[in-house]
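Source file: run-v5.tsv; contents: TSV, C-alpha atoms.
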chain	number	residue	atom	x	y	z
A	1	MET	CA	58.23	161.64	120.26
A	2	THR	CA	61.84	160.77	121.08
A	3	LEU	CA	65.05	162.70	121.56
A	4	ARG	CA	68.17	161.12	120.17
A	5	PRO	CA	71.65	162.39	121.08
A	6	SER	CA	73.96	162.23	118.09
A	7	LYS	CA	77.54	161.04	118.29
A	8	THR	CA	79.84	164.04	118.12
A	9	ALA	CA	83.51	164.72	118.45
A	10	GLY	CA	85.06	167.10	120.94
A	11	THR	CA	82.95	168.93	123.47
A	12	CYS	CA	79.88	169.67	121.35
A	13	VAL	CA	76.56	168.04	122.18
A	14	ALA	CA	74.02	167.68	119.37
A	15	PHE	CA	70.37	166.67	119.42
A	16	VAL	CA	67.87	165.80	116.72
A	17	LEU	CA	64.19	165.58	117.52
A	18	VAL	CA	62.23	162.81	115.83
A	19	ALA	CA	58.53	163.67	115.89
A	20	GLY	CA	56.33	161.31	113.95
A	21	CYS	CA	52.89	162.84	114.42
A	22	ALA	CA	53.82	166.04	116.24
A	23	ARG	CA	52.09	169.20	115.12
A	24	HIS	CA	55.42	171.02	114.92
A	25	LEU	CA	58.96	169.72	114.85
A	26	ARG	CA	60.77	171.28	117.75
A	27	VAL	CA	63.89	170.90	119.82
A	28	VAL	CA	63.43	169.62	123.34
A	29	PRO	CA	66.85	169.98	125.00
A	30	PRO	CA	67.50	167.86	128.09
A	31	GLY	CA	67.80	169.16	131.62
A	32	GLU	CA	66.41	168.52	135.08
A	33	ARG	CA	66.64	171.94	136.75
A	34	PHE	CA	67.17	175.66	136.47
A	35	ARG	CA	70.35	176.59	138.31
A	36	ILE	CA	71.48	179.92	139.77
A	37	VAL	CA	75.26	180.25	140.00
A	38	GLN	CA	77.48	183.05	141.28
A	39	SER	CA	80.20	184.64	139.20
A	40	GLN	CA	82.30	187.53	140.49
A	41	ASN	CA	79.64	188.44	143.08
A	42	ARG	CA	76.91	188.35	140.43
A	43	ASN	CA	74.21	185.76	139.87
A	44	LEU	CA	73.51	183.98	136.61
A	45	ILE	CA	70.42	181.84	135.92
A	46	LEU	CA	71.23	178.77	133.83
A	47	PRO	CA	68.31	177.21	131.91
A	48	PRO	CA	67.89	173.40	131.98
A	49	PRO	CA	69.70	172.63	128.69
A	50	VAL	CA	72.96	174.03	130.05
A	51	ALA	CA	72.51	173.92	133.82
A	52	ASP	CA	74.76	170.91	134.35
A	53	LEU	CA	77.12	171.07	131.38
A	54	PRO	CA	80.86	171.31	132.14
A	55	ALA	CA	81.94	174.94	132.38
A	56	ASN	CA	84.09	174.79	129.25
A	57	GLU	CA	81.74	172.77	127.03
A	58	PRO	CA	79.94	174.73	124.27
A	59	PHE	CA	76.27	173.93	123.82
A	60	SER	CA	75.57	172.65	120.31
A	61	PHE	CA	72.52	171.05	118.75
A	62	ARG	CA	70.65	170.76	115.47
A	63	PHE	CA	67.02	170.47	114.45
A	64	PRO	CA	64.83	170.37	111.32
A	65	VAL	CA	63.48	173.67	109.95
A	66	GLY	CA	61.26	175.10	107.26
A	67	LEU	CA	63.28	176.91	104.58
A	68	GLY	CA	62.94	180.40	103.21
A	69	SER	CA	63.37	181.59	99.63
A	70	SER	CA	67.19	181.54	99.50
A	71	ARG	CA	68.78	178.75	97.46
A	72	ASP	CA	72.11	178.88	99.28
A	73	ASN	CA	73.29	177.48	102.58
A	74	CYS	CA	73.48	180.43	104.94
A	75	GLY	CA	73.80	181.40	108.56
A	76	ASP	CA	74.74	183.97	111.17
A	77	SER	CA	77.61	184.20	113.64
A	78	ASN	CA	79.98	186.30	115.73
A	79	GLU	CA	82.57	185.59	118.44
A	80	LEU	CA	79.87	184.11	120.72
A	81	PHE	CA	77.75	181.91	118.48
A	82	ASN	CA	77.45	180.15	115.16
A	83	ILE	CA	74.27	179.19	113.28
A	84	ARG	CA	74.24	177.38	109.94
A	85	VAL	CA	71.28	176.32	107.80
A	86	ASP	CA	71.81	173.27	105.57
A	87	ARG	CA	69.22	173.44	102.80
A	88	LYS	CA	69.88	169.93	101.52
A	89	LYS	CA	69.23	168.40	104.93
A	90	ARG	CA	66.62	171.08	105.82
A	91	GLN	CA	68.41	171.38	109.12
A	92	LEU	CA	69.79	174.13	111.35
A	93	ALA	CA	72.89	173.72	113.54
A	94	ILE	CA	73.66	176.01	116.50
A	95	THR	CA	76.71	176.41	118.73
A	96	LEU	CA	76.35	178.66	121.77
A	97	PRO	CA	79.00	179.72	124.32
A	98	ALA	CA	80.10	177.51	127.19
A	99	ILE	CA	78.96	178.47	130.69
A	100	GLY	CA	82.48	179.61	131.51
A	101	VAL	CA	82.28	182.14	128.69
A	102	TRP	CA	78.97	183.52	130.00
A	103	GLN	CA	80.43	183.80	133.48
A	104	GLY	CA	83.45	185.63	132.09
A	105	ILE	CA	81.42	188.25	130.24
A	106	LEU	CA	78.83	188.72	133.01
A	107	PRO	CA	80.53	191.79	134.60
A	108	LYS	CA	80.64	193.55	131.21
A	109	TRP	CA	77.08	192.44	130.43
A	110	GLU	CA	75.86	194.38	133.48
A	111	GLN	CA	77.60	197.62	132.46
A	112	PRO	CA	75.51	199.83	130.12
A	113	ASP	CA	78.61	201.39	128.53
A	114	GLN	CA	79.93	198.00	127.32
A	115	ILE	CA	78.20	198.46	123.99
A	116	GLU	CA	80.23	195.89	122.08
A	117	THR	CA	79.40	193.12	124.56
A	118	HIS	CA	75.72	194.00	124.50
A	119	GLN	CA	75.72	194.01	120.69
A	120	ARG	CA	77.31	190.57	120.51
A	121	ILE	CA	74.70	189.11	122.87
A	122	ALA	CA	71.88	190.93	121.10
A	123	ALA	CA	73.06	189.44	117.79
A	124	ILE	CA	72.30	185.95	119.15
A	125	LEU	CA	68.72	186.85	120.02
A	126	ASN	CA	68.31	188.81	116.77
A	127	SER	CA	69.59	185.96	114.57
A	128	PRO	CA	66.06	184.62	113.81
A	129	GLN	CA	65.18	187.95	112.17
A	130	SER	CA	68.50	187.97	110.31
A	131	LEU	CA	68.01	184.43	109.01
A	132	GLU	CA	64.43	185.12	107.98
A	133	LYS	CA	65.48	188.27	106.09
A	134	GLN	CA	68.25	186.33	104.31
A	135	GLY	CA	65.66	183.82	103.14
A	136	CYS	CA	67.26	181.06	105.20
A	137	LEU	CA	64.23	180.27	107.34
A	138	SER	CA	60.47	180.28	106.97
A	139	GLU	CA	58.49	182.68	109.13
A	140	SER	CA	57.31	179.91	111.46
A	141	SER	CA	60.81	178.43	111.89
A	142	ALA	CA	62.17	181.87	112.79
A	143	VAL	CA	59.54	182.13	115.56
A	144	THR	CA	60.54	178.66	116.82
A	145	LEU	CA	64.26	179.49	116.73
A	146	ARG	CA	63.68	182.66	118.72
A	147	GLN	CA	62.12	180.71	121.59
A	148	ILE	CA	64.78	177.99	121.41
A	149	LEU	CA	67.50	180.62	121.83
A	150	ARG	CA	65.67	182.18	124.76
A	151	ASP	CA	65.41	178.73	126.31
A	152	ALA	CA	69.14	178.07	125.95
A	153	ILE	CA	70.76	181.40	126.91
A	154	PRO	CA	71.57	182.20	130.57
A	155	SER	CA	70.06	185.33	132.09
A	156	ARG	CA	71.03	187.65	134.90
A	157	ALA	CA	69.18	187.24	138.20
A	158	GLY	CA	66.84	190.18	138.66
A	159	LEU	CA	66.87	190.81	134.90
A	160	ASP	CA	65.46	187.46	133.87
A	161	LEU	CA	62.27	188.56	132.10
A	162	ASP	CA	63.85	188.68	128.64
A	163	PRO	CA	63.83	184.90	128.04
A	164	SER	CA	60.14	184.62	128.91
A	165	TYR	CA	58.75	187.91	127.64
A	166	GLY	CA	61.35	189.54	125.41
A	167	TYR	CA	61.57	192.43	127.87
A	168	SER	CA	64.50	194.71	128.62
A	169	PRO	CA	64.56	197.72	130.97
A	170	ALA	CA	65.40	199.95	127.98
A	171	GLY	CA	62.31	198.85	126.06
A	172	VAL	CA	58.62	199.70	126.28
A	173	GLY	CA	57.12	196.33	125.35
A	174	LEU	CA	56.63	192.82	126.64
A	175	GLU	CA	55.25	189.72	125.00
A	176	LEU	CA	51.87	188.33	125.93
A	177	LYS	CA	52.14	184.59	126.51
A	178	SER	CA	49.93	181.78	127.75
A	179	GLY	CA	49.41	182.25	131.49
A	180	VAL	CA	49.44	186.05	131.25
A	181	ARG	CA	46.27	188.03	131.94
A	182	LEU	CA	45.67	191.42	130.35
A	183	LYS	CA	44.06	193.90	132.77
A	184	ILE	CA	42.21	196.95	131.40
A	185	GLN	CA	40.88	199.55	133.86
A	186	ARG	CA	38.84	202.47	132.57
A	187	ALA	CA	37.29	205.46	134.34
A	188	HIS	CA	33.84	206.29	132.97
A	189	PHE	CA	32.68	209.92	133.09
A	190	ARG	CA	29.39	211.53	132.16
A	191	GLY	CA	29.33	214.34	129.64
A	192	LEU	CA	31.92	215.49	127.11
A	193	ARG	CA	35.58	215.97	127.93
A	194	PRO	CA	36.36	219.67	128.68
A	195	ALA	CA	38.64	221.59	126.32
A	196	ASN	CA	41.50	221.43	128.84
A	197	GLY	CA	41.21	217.63	128.96
A	198	GLU	CA	40.74	217.53	132.75
A	199	ARG	CA	37.80	215.49	134.02
A	200	PRO	CA	36.25	216.68	137.33
A	201	PHE	CA	35.79	213.97	139.94
A	202	LYS	CA	32.10	214.84	140.33
A	203	ASP	CA	31.50	213.57	136.76
A	204	LEU	CA	32.93	210.12	137.49
A	205	ASP	CA	30.37	207.33	137.13
A	206	GLY	CA	32.78	204.59	138.14
A	207	ILE	CA	35.64	202.33	137.11
A	208	SER	CA	35.43	199.13	135.12
A	209	THR	CA	38.03	196.35	134.99
A	210	VAL	CA	38.19	193.90	132.09
A	211	TYR	CA	40.46	190.83	132.12
A	212	TYR	CA	41.57	188.75	129.14
A	213	GLU	CA	43.40	185.45	129.52
A	214	CYS	CA	46.16	184.81	126.97
A	215	GLN	CA	45.79	181.31	125.55
A	216	LEU	CA	47.23	179.10	122.79
A	217	ASP	CA	45.15	177.76	119.92
A	218	SER	CA	45.73	174.45	118.12
A	219	ARG	CA	48.39	176.11	115.92
A	220	GLU	CA	50.23	177.52	118.96
A	221	ARG	CA	49.15	181.07	118.19
A	222	ILE	CA	48.22	183.52	120.92
A	223	LEU	CA	44.52	184.23	121.32
A	224	PHE	CA	42.49	186.01	123.99
A	225	GLY	CA	39.67	184.35	125.90
A	226	LYS	CA	36.26	185.78	126.70
A	227	PRO	CA	36.38	188.94	128.80
A	228	SER	CA	35.84	188.81	132.54
A	229	VAL	CA	34.31	192.11	133.69
A	230	GLN	CA	34.17	193.81	137.08
A	231	TYR	CA	32.37	197.04	138.02
A	232	ASP	CA	33.02	199.13	141.09
A	233	SER	CA	29.28	199.75	141.55
A	234	ASP	CA	25.89	198.41	140.47
A	235	LYS	CA	25.16	201.86	139.03
A	236	LEU	CA	28.05	201.60	136.58
A	237	LYS	CA	27.04	198.05	135.64
A	238	ALA	CA	23.55	199.30	134.74
A	239	LEU	CA	25.00	202.14	132.64
A	240	LEU	CA	27.26	199.78	130.62
A	241	THR	CA	24.78	197.02	129.73
A	242	LYS	CA	25.54	197.45	126.01
A	243	GLY	CA	29.29	197.10	126.53
A	244	TRP	CA	32.13	199.44	125.52
A	245	GLU	CA	35.35	199.30	123.53
A	246	ASP	CA	37.33	197.29	126.09
A	247	THR	CA	34.85	194.39	125.94
A	248	GLN	CA	35.37	194.09	122.17
A	249	PHE	CA	39.13	193.62	122.29
A	250	ALA	CA	39.20	189.84	121.77
A	251	ARG	CA	37.10	190.16	118.62
A	252	GLN	CA	39.62	192.60	117.13
A	253	ALA	CA	42.75	190.73	118.23
A	254	ARG	CA	42.69	187.61	116.08
A	255	PRO	CA	45.12	184.71	116.76
A	256	GLN	CA	48.74	185.51	115.83
A	257	PRO	CA	52.11	183.81	116.55
A	258	ILE	CA	53.33	186.86	118.49
A	259	TYR	CA	51.51	189.48	120.56
A	260	ARG	CA	53.25	192.33	122.34
A	261	LEU	CA	51.99	194.90	124.85
A	262	PHE	CA	53.49	198.39	124.63
A	263	LEU	CA	53.01	200.75	127.58
A	264	PHE	CA	53.35	204.48	127.05
A	265	THR	CA	52.65	206.28	130.32
A	266	SER	CA	56.08	207.92	130.45
A	267	PHE	CA	56.75	208.26	126.74
A	268	LEU	CA	53.88	210.06	125.00
A	269	LYS	CA	53.79	213.72	124.14
A	270	LYS	CA	51.62	216.01	126.22
A	271	GLY	CA	48.00	215.87	125.16
A	272	VAL	CA	48.15	212.33	123.72
A	273	LYS	CA	45.70	210.14	125.62
A	274	ARG	CA	47.02	206.69	124.64
A	275	SER	CA	47.83	204.33	127.48
A	276	ALA	CA	48.91	201.23	125.56
A	277	LEU	CA	49.08	199.35	122.29
A	278	VAL	CA	48.60	195.62	121.79
A	279	LEU	CA	50.17	194.48	118.52
A	280	GLY	CA	50.02	191.11	116.83
A	281	ALA	CA	52.57	189.95	114.24
A	282	SER	CA	52.86	186.97	111.95
A	283	GLY	CA	56.60	186.62	112.55
A	284	VAL	CA	59.72	187.94	114.27
A	285	THR	CA	60.76	190.22	111.40
A	286	GLN	CA	57.41	191.97	111.36
A	287	MET	CA	57.45	192.45	115.14
A	288	GLN	CA	60.99	193.81	115.06
A	289	ALA	CA	59.90	196.39	112.48
A	290	LEU	CA	56.97	197.37	114.70
A	291	ASP	CA	59.31	197.71	117.70
A	292	ARG	CA	61.44	200.17	115.75
A	293	GLN	CA	58.47	202.21	114.54
A	294	ILE	CA	57.09	202.59	118.05
A	295	ALA	CA	60.49	203.39	119.54
A	296	SER	CA	60.86	206.28	117.09
A	297	ASP	CA	57.26	207.52	117.45
A	298	PRO	CA	55.22	206.18	120.42
A	299	SER	CA	52.15	208.15	119.27
A	300	ILE	CA	52.04	206.48	115.84
A	301	GLY	CA	48.55	205.34	114.83
A	302	CYS	CA	47.35	201.82	114.07
A	303	ASP	CA	46.68	202.88	110.48
A	304	GLU	CA	50.40	203.65	110.06
A	305	LEU	CA	51.63	200.44	111.67
A	306	LYS	CA	51.87	197.43	109.39
A	307	ALA	CA	50.75	195.02	112.06
A	308	ALA	CA	48.70	191.87	111.66
A	309	SER	CA	46.59	193.15	114.56
A	310	CYS	CA	46.60	196.52	116.34
A	311	THR	CA	44.51	197.80	119.24
A	312	SER	CA	45.12	201.22	120.77
A	313	PHE	CA	43.85	201.90	124.30
A	314	GLU	CA	43.06	205.58	124.60
A	315	GLY	CA	41.23	207.89	126.97
A	316	ASP	CA	40.93	207.45	130.74
A	317	VAL	CA	42.33	203.93	130.78
A	318	THR	CA	45.28	202.00	132.15
A	319	VAL	CA	46.51	198.65	130.85
A	320	SER	CA	48.75	196.21	132.68
A	321	SER	CA	49.49	192.49	132.78
A	322	GLU	CA	49.38	189.85	135.46
A	323	ILE	CA	50.78	186.32	135.63
A	324	ARG	CA	49.08	183.20	136.91
A	325	VAL	CA	51.26	181.36	139.42
A	326	THR	CA	50.65	178.73	142.09
A	327	VAL	CA	51.40	179.86	145.63
A	328	ASN	CA	51.41	177.13	148.28
A	329	GLY	CA	49.08	175.07	146.10
A	330	LYS	CA	46.62	177.88	145.28
A	331	ALA	CA	46.34	179.67	141.92
A	332	GLU	CA	47.03	183.40	142.24
A	333	TYR	CA	47.43	186.34	139.88
A	334	LEU	CA	50.41	188.59	140.57
A	335	ASP	CA	51.61	191.74	138.84
A	336	TRP	CA	53.95	191.03	135.94
A	337	GLY	CA	57.53	191.47	137.16
A	338	THR	CA	56.84	190.34	140.75
A	339	THR	CA	59.92	188.75	142.36
A	340	VAL	CA	59.92	185.93	144.86
A	341	ARG	CA	60.76	188.43	147.60
A	342	ALA	CA	57.87	190.71	146.61
A	343	ALA	CA	55.49	187.73	146.59
A	344	LEU	CA	56.58	186.77	150.11
A	345	ARG	CA	55.96	190.35	151.20
A	346	ARG	CA	52.49	190.38	149.62
A	347	PHE	CA	51.49	187.21	151.47
A	348	GLN	CA	53.06	188.48	154.71
A	349	ALA	CA	55.62	185.69	154.71
A	350	GLU	CA	58.86	187.66	155.06
A	351	LYS	CA	60.00	185.19	157.72
A	352	ALA	CA	59.36	182.17	155.51
A	353	THR	CA	61.79	179.26	155.42
A	354	ASP	CA	62.28	176.36	153.00
A	355	ILE	CA	61.42	178.60	150.04
A	356	ARG	CA	61.09	176.56	146.86
A	357	LEU	CA	60.42	177.55	143.27
A	358	ARG	CA	59.51	175.33	140.34
A	359	ARG	CA	59.31	176.48	136.73
A	360	THR	CA	57.81	174.85	133.64
A	361	PHE	CA	60.19	173.97	130.84
A	362	HIS	CA	58.76	172.29	127.74
A	363	GLY	CA	55.76	171.03	129.68
A	364	LYS	CA	57.74	169.70	132.64
A	365	SER	CA	57.88	171.30	136.09
A	366	LEU	CA	61.52	171.66	137.17
A	367	PRO	CA	63.10	173.06	140.35
A	368	VAL	CA	64.94	176.39	140.36
A	369	VAL	CA	68.01	175.73	142.51
A	370	ALA	CA	70.46	178.32	143.78
A	371	ASP	CA	74.07	177.28	144.49
A	372	ALA	CA	75.19	177.74	148.07
A	373	LYS	CA	77.30	180.79	147.17
A	374	ALA	CA	74.38	182.54	145.44
A	375	ILE	CA	72.95	183.90	148.67
A	376	GLY	CA	69.56	185.61	148.23
A	377	ALA	CA	69.50	184.85	144.50
A	378	LEU	CA	66.27	182.85	144.63
A	379	GLU	CA	64.45	185.73	146.32
A	380	GLU	CA	65.66	188.11	143.57
A	381	THR	CA	64.25	185.90	140.81
A	382	ALA	CA	61.32	187.34	138.87
A	383	LEU	CA	58.31	185.04	138.68
A	384	VAL	CA	56.90	184.01	135.30
A	385	ALA	CA	53.55	182.52	134.37
A	386	GLY	CA	53.19	178.92	135.48
A	387	ASP	CA	55.69	179.14	138.35
A	388	GLU	CA	55.01	177.20	141.56
A	389	LEU	CA	56.17	178.91	144.76
A	390	THR	CA	56.05	177.26	148.17
A	391	TRP	CA	57.41	178.02	151.65
A	392	ARG	CA	56.95	177.30	155.31
A	393	VAL	CA	56.54	179.76	158.16
A	394	LEU	CA	57.76	178.58	161.55
A	395	GLU	CA	55.38	179.33	164.39
Now, as a test, write the supplied structure out as structure tokens.
Amino acid sequence: MTLRPSKTAGTCVAFVLVAGCARHLRVVPPGERFRIVQSQNRNLILPPPVADLPANEPFSFRFPVGLGSSRDNCGDSNELFNIRVDRKKRQLAITLPAIGVWQGILPKWEQPDQIETHQRIAAILNSPQSLEKQGCLSESSAVTLRQILRDAIPSRAGLDLDPSYGYSPAGVGLELKSGVRLKIQRAHFRGLRPANGERPFKDLDGISTVYYECQLDSRERILFGKPSVQYDSDKLKALLTKGWEDTQFARQARPQPIYRLFLFTSFLKKGVKRSALVLGASGVTQMQALDRQIASDPSIGCDELKAASCTSFEGDVTVSSEIRVTVNGKAEYLDWGTTVRAALRRFQAEKATDIRLRRTFHGKSLPVVADAKAIGALEETALVAGDELTWRVLE
């Protein structure tokens, strides 16, 4: 597998991936580090493909794609980006903003009332759905393009979970990826639930915890490994020898290109006992439609959702996710959303020095480096699955 830069005029940089026996053709942009830069007292995380580009150089590249049903050349664009699909060459070309442009719009990006700016940026990330709907791209190529865009677009320090998990503070869902562990905790009570829905503590038999590792199959679809089960007492373990609904989850959730966890603790109507939904989709357009359905009605049932896979967690249960990271050489599971600073606090290392973070990009471990002016930016960075965090504590 080789990466060949093409000869281009002006400031654009283009890349074509040549993959002889690769399972999927995919773009592997260059880069040797993640870089955190400061702009107008705000921090911006630059991914490896753009980390060391000149500030005024747009980032452009092209790669082979599977085509949709449209017979015309088509694309998507606005003031920030341009995407074109050439059917004859079966190729997609992208031009994204220069770093200087991102730095210029950063202050507006952080203001919720700057709707126009947010819409322009959202249009970049939504372009895979748009191109799939137009018939420009196949379902699988739209999924690939979505991740490529996430890999190439800078993110704001402290709000950097969107590229990895498609998460925004305004949303209720996050994507389940390799390296994420689903955690299901359920309280088990004896007897029927009272009419008022309140369970007395004296009826509690115990609490079970079931873990599922998110993995990738040979077709790069998400699947869930065998459950790992914990009981808070031997008594509860004896009562649950035949299993319960949480231990059957992996059998219901068959491999899909996209899986998303929706949490509802603060959104459901009174009396609705759903804690979470895990939805699988065959493509980005289907998942976007599911997002909209759930946003309009969080209590919607699986039978009404046109999902490839749907599991509803209901009753006395909580669902959360954890990420597998390496801390000073040891594998650890931390709550999803944990920052470097929070991790230091957890391991009682607030006085740590020589803090270093490495992050995997296309199978390669790269350093996350903060510019000298970006004081405290590394500590604000949210950890993602696969990160390697190290430090020293002076005696």
Considering only C-alpha atoms, tabulate each residue of segment 199-293 of chain A that lies at most 12 Å from segment 377-393 of chain A along with its nearest interatomic pair and the corresponding distance in Å to one decimal; arrange the rows by chain and ascending residue number and present them as CSV.
residue,atom,partner,partner_atom,distance
A:Glu213,CA,A:Ala385,CA,11.6
A:Cys214,CA,A:Ala385,CA,10.7
A:Gln215,CA,A:Ala385,CA,11.8
Atom CA of Ala307 of chain A to atom CA of Gln288 of chain A: how many Å, to one decimal?
10.7 Å
I need every residue sitting at most 10 Å from the point (53.3, 197.5, 107.0) (coordinates as in the file, all atoms listed in the file considered), written as a PyMOL selection string.
chain A and resi 286+289-290+303-308
Extract, using all atoms listed in the file, all DNA, RNA and protein residues at most 7 Å from Ala55 of chain A, discarding same-chain residues fewer than 4 positions from it, and format them as a PyMOL selection string.
chain A and resi 98-100
Quick one, how far is atom CA of Ala343 of chain A from atom CA of Ser321 of chain A?
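Here the two named atoms are 15.8 Å from each other.
Atom to atom, atom CA of Ser130 of chain A and atom CA of Asp76 of chain A stand 7.5 Å apart.
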Test item: residues at most 10 Å from Ser164 of chain A, all atoms listed in the file, excluding those fewer than 2 positions along its chain, as a ChimeraX atom specification
/A:147,150-151,160-162,166-167,174-177,383-385
Excluding Leu394 of chain A and residues on its chain fewer than 6 positions from it, collect all residues at most 8 Å away from it, counting all atoms listed in the file, and give them as a list in words.
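Final neighbour list, sorted by chain and number: Lys351, Ala352 and Thr353 of chain A.
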Keeping C-alpha atoms for every residue in the selection just given, could you write it to a file as a JSON list (two decimals), in the coordinates of the input?
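File produced: out.json:
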[["chain", "number", "residue", "atom", "x", "y", "z"],
["A", 351, "LYS", "CA", 60.00, 185.19, 157.72],
["A", 352, "ALA", "CA", 59.36, 182.17, 155.51],
["A", 353, "THR", "CA", 61.79, 179.26, 155.42]]
Axis-aligned box for segment 309-321 of chain A, 3 Å per side, centre and edges in Å as AutoDock Vina command-line options:
--center_x 45.2 --center_y 200.2 --center_z 123.7 --size_x 14.6 --size_y 21.4 --size_z 24.2
List the residues sitting within 8 Å of (38.4, 195.1, 131.7) in the file's frame, using only C-alpha atoms, as a PDB file with C-alpha atoms, in the coordinates of the input.
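The file below, result18.pdb, is the result:
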ATOM      1  CA  LYS A 183      44.060 193.900 132.770  1.00  0.00           C
ATOM      2  CA  ILE A 184      42.210 196.950 131.400  1.00  0.00           C
ATOM      3  CA  GLN A 185      40.880 199.550 133.860  1.00  0.00           C
ATOM      4  CA  ARG A 186      38.840 202.470 132.570  1.00  0.00           C
ATOM      5  CA  SER A 208      35.430 199.130 135.120  1.00  0.00           C
ATOM      6  CA  THR A 209      38.030 196.350 134.990  1.00  0.00           C
ATOM      7  CA  VAL A 210      38.190 193.900 132.090  1.00  0.00           C
ATOM      8  CA  TYR A 211      40.460 190.830 132.120  1.00  0.00           C
ATOM      9  CA  TYR A 212      41.570 188.750 129.140  1.00  0.00           C
ATOM     10  CA  PRO A 227      36.380 188.940 128.800  1.00  0.00           C
ATOM     11  CA  SER A 228      35.840 188.810 132.540  1.00  0.00           C
ATOM     12  CA  VAL A 229      34.310 192.110 133.690  1.00  0.00           C
ATOM     13  CA  GLN A 230      34.170 193.810 137.080  1.00  0.00           C
ATOM     14  CA  ASP A 246      37.330 197.290 126.090  1.00  0.00           C
ATOM     15  CA  THR A 247      34.850 194.390 125.940  1.00  0.00           C
TER      16      THR A 247
END
Nearest to Phe361 of chain A, restricted to only C-alpha atoms and choosing among A:Ala342, A:Ile148, A:Val37, A:Leu106, comes out as A:Ile148
List the neighbours of Asn78 of chain A out to 10 Å using all atoms listed in the file; skip same-chain residues closer than 5 positions along the sequence, and give me the result as a ChimeraX atom specification.
/A:83,120-121,123-124
